Amino acid sequence: MTMNRRAFLGTTAAATAALGTPMILKAQPAEYIIGASLPLTGPFATAGQLVAPAFTMAQKLFNDEGGVAGTPIRFVTEDSGYIPQNSLANYQRALASHGNNLVGYMADSTGAMKLMAPELKGANARIMGSTSFASELADPATHPYQYVSGPSYQSQFDILLENIKAEGGTTVAFIYSNTEFGRDPIAHGRATAERLGLKVVLEEVTKPQGADIPTHVTKLAQSGAEYCILQGYVTGVWPQLIGGARQFGLPTKFRGTFWGMEKIIADRITEQAGPFLAGYEGVMPYRYFWDQADAPRYQTYAKYAGEMFAGTPLEKYLSTWTLQTMCGLEIAFKTLRDTAEAGHELTADNLAETLAGISDWDTGGFFGGPISMVNNAIGTGRVYAYDPESGLFNPTSDWLSV
Amino acid sequence: MGQFLQFAINGLMSGAIYALIAVGIVSVYKATKVVNFAHGYLIMFGAYFYFTFAVIVPQAAWAPAWLASWQPDWLVAAKADAPMFSPLGAVLDWVSNLPRIILGISGAVIANALLGRLVERTLMRPLMGQSIFAMIMVTVGLISILSGASSIIWTADAAFVPHIAPNTPVRFSIGDTMIFLFGADLVNMVIALLLFGGIVLWVRYTKSGIAIRATAEDQSTAYSMGISVPKVFSRAWVLACTTGAIAGAILATRNGVSPTLGLFGFSVLAIVLLGGLDSYVGVFIAAMSVGVLEAMTQWKLGGEWAEIVPYVAVLLVLLVRPHGLMGSKEVERI
């Protein structure tokens, strides 16, 4: 067969188009995907269902702001039932479905993050945020692609114990759920208490749901603890424990960490059982949503939520759980945008480098001031106390860094 | 000794609730030979019905204000004088809630009874005469239906309900040890024990109860003796669901309402197997033993062990007595 000049040029053009188009498409994806697993069913479904709308809002907001260097972003969420294996399967499915367009992932538990960590290698690596504040994740040496959207549980325990010490406390009890999330800061808390001269008089493990409240309260009463830190609960057990202790007439002061600091739960308990959460305090890494005066980003959320969630409870109030997800997504979005604007490819390694380098970032009011990622976590938070009269958690400390 | 008594009483209070849950499983098994794996989820529905009638309905715009919170002048005056968290304050709060508690319990019992009837008529009765295994598998499928339906109707939101009885603290000393008990838990235990005892007496001494026992013995013979076996099936399911409604309401007051309540049924299944699937007395002893064993393990070994030790004990007993403590030896197992 002979090839004339016209045929040669035509064939070359066709071959270039065939081979080049995928490369162009690969370099310029039509959209970037961030996948997510949420506990829409299972023991923490209340939190999962409140968090899910955050993805819709974040997608619209980020795309209105130009996406990632002009490329729109899309969130793909799936139910995990709070089962880590399901989250891993969801992640693997997202990788298979979206390939390199998948640039990040949000997991839904400490267990899921730990299970997925070994999978994040080579072409399967993506940057990954989550609902977890697990201390083990705040270590770029072992978890370079994973980050914590606030202080780790260990840091939250440190804040609480230092606060207890400053109030003149001498004895403390730890009551925690029999979950990864519950156990996470206990050994560290024991060590911190010892360093501060506080005596840990009780370490009590409970079921995460349906705990035997009378038995636990009895043990707390017998321990004589002045303070009790509750860890590893979301919607249940912690209110019943405090209620039980109050009914017994125990003077113990209760403290909690992030997942036990939601106004919706505190209000519901107050409505049904009276004002026994008065004086309950805990660590919150972020401002509450009603504290918008110095938080321009919250004002933007309020505008979007008012339009997108009109007629639903989210129209006026974003829960702490929703804010935590928004913070995680803001970190991912900033990492993606900064990497793209620096002219780098959005590989996991490039993104991890950008993530670790975030410093003096003005989040628009999530925290008390500009923050930096240290060990892939943000070591700042504030102690708040619940007031049943107003239904608000009010700050009792300044912004604390650990 | 005082501490031992404290944890033993706590365990007995939990055990009484286990017994109330278990009575539904035994009743259905005795009448139909079906192990109802969905019983925990029927209890969850009972809890949600209690939530509906004690919280949602009284808060509706059309409901009279006294239903949500009864505030006659004398009660308002008494509450103003009572110190916060005092025993008197707890009783007065309970009195305010009494109208919705009564509505909640009545509504839950009636609605759950209707649910039991519906399940029996639409899912169980068409399978009469078929393999028992098929009917058991239907109860497994029922778990998904009830679990999904509850999420659609009530969402997965956690919610809280008023205590059935005043939750006043009860304190007394034994030796040098102060014993603490919750008033509501004591009343819950009494309710559970009365219901359990009532059902046992009903099955033993009433015509309908004897019909259940006769059907359990041999369905064909019972039929030929003029007993309406379908009616017996129906009664057993309704009985399981009504006791389940009260068990669900009690569980809701202790733990709040959430879809995880359904999982309680599985732990109670182990208790039923320990006691003997067809023995009320055996199941009662098993429920109380597991309750006490859980509390003792929590006291001495801590929470990590409390979820394991009682069930290891169940397994060990079943190795020696495969038919349970007091179950009939000819019982078929699945």
# chains A, B, ... in the order shown; residues from 1 in each chain; ligands from 1
$ interface_residues --of "chain B" --to "chain A" --cutoff "6 Å" --atoms "only C-alpha atoms" --output "ChimeraX atom specification"
/B:156-157,162,169,255,260,303
$ write_last_selection --atoms "N, CA and C atoms" --output "short mmCIF file (atom, residue, chain, number, x, y, z; two decimals), in the first residue's frame"
data_model
loop_
_atom_site.label_atom_id
_atom_site.label_comp_id
_atom_site.auth_asym_id
_atom_site.auth_seq_id
_atom_site.Cartn_x
_atom_site.Cartn_y
_atom_site.Cartn_z
N ALA B 156 -33.74 8.99 61.69
CA ALA B 156 -32.80 8.35 62.63
C ALA B 156 -32.48 9.27 63.79
N ASP B 157 -33.19 10.38 63.88
CA ASP B 157 -32.94 11.35 64.93
C ASP B 157 -33.05 10.74 66.31
N PRO B 162 -40.46 11.25 78.34
CA PRO B 162 -40.60 11.38 79.79
C PRO B 162 -40.58 10.02 80.49
N PRO B 169 -34.59 9.84 93.56
CA PRO B 169 -33.54 8.97 94.09
C PRO B 169 -34.02 8.26 95.35
N ASN B 255 -32.77 5.00 77.74
CA ASN B 255 -31.69 5.22 76.76
C ASN B 255 -32.01 6.24 75.68
N THR B 260 -31.15 2.16 67.23
CA THR B 260 -30.32 1.10 67.83
C THR B 260 -31.09 0.29 68.86
N GLY B 303 -16.21 -2.39 82.14
CA GLY B 303 -17.14 -2.44 81.02
C GLY B 303 -16.71 -3.32 79.86
#
$ residues_around --residues "B:Glu120" --least-positions-apart "5" --cutoff "7 Å" --atoms "only C-alpha atoms" --output "list in words"
Arg125, Ser234 and Trp237 of chain B
$ residues_around --residues "A:Met284" --least-positions-apart "2" --cutoff "8 Å" --atoms "only C-alpha atoms" --output "list in words"
Thr257, Phe258, Met261, Gly282, Tyr286, Arg287, Gly381, Arg382, Val383 and Tyr384 of chain A
$ select_by_dssp --residues "stretch 86-287 of chain B" --states "strand (DSSP E or B)" --output "JSON, numbers by chain"
{"B": [159, 169, 170, 171, 172, 173, 174, 177, 178, 179, 180, 181, 182, 257]}
$ closest_residue --among "B:Met189, B:Ala60, B:Val232, B:Leu42" --to "B:Val203" --atoms "only C-alpha atoms"
B:Val232
$ residues_around --residues "stretch 122-137 of chain A" --least-positions-apart "3" --cutoff "7 Å" --atoms "only C-alpha atoms" --output "number ranges by chain"
A: 103-110, 119, 143, 145-148, 150-154, 181, 184, 325, 328, 348, 351-352
$ select_by_dssp --residues "stretch 95-189 of chain A" --states "alpha helix (DSSP H)" --output "PyMOL selection string"
chain A and resi 95-98+110-116+153-166+180-183+186-189
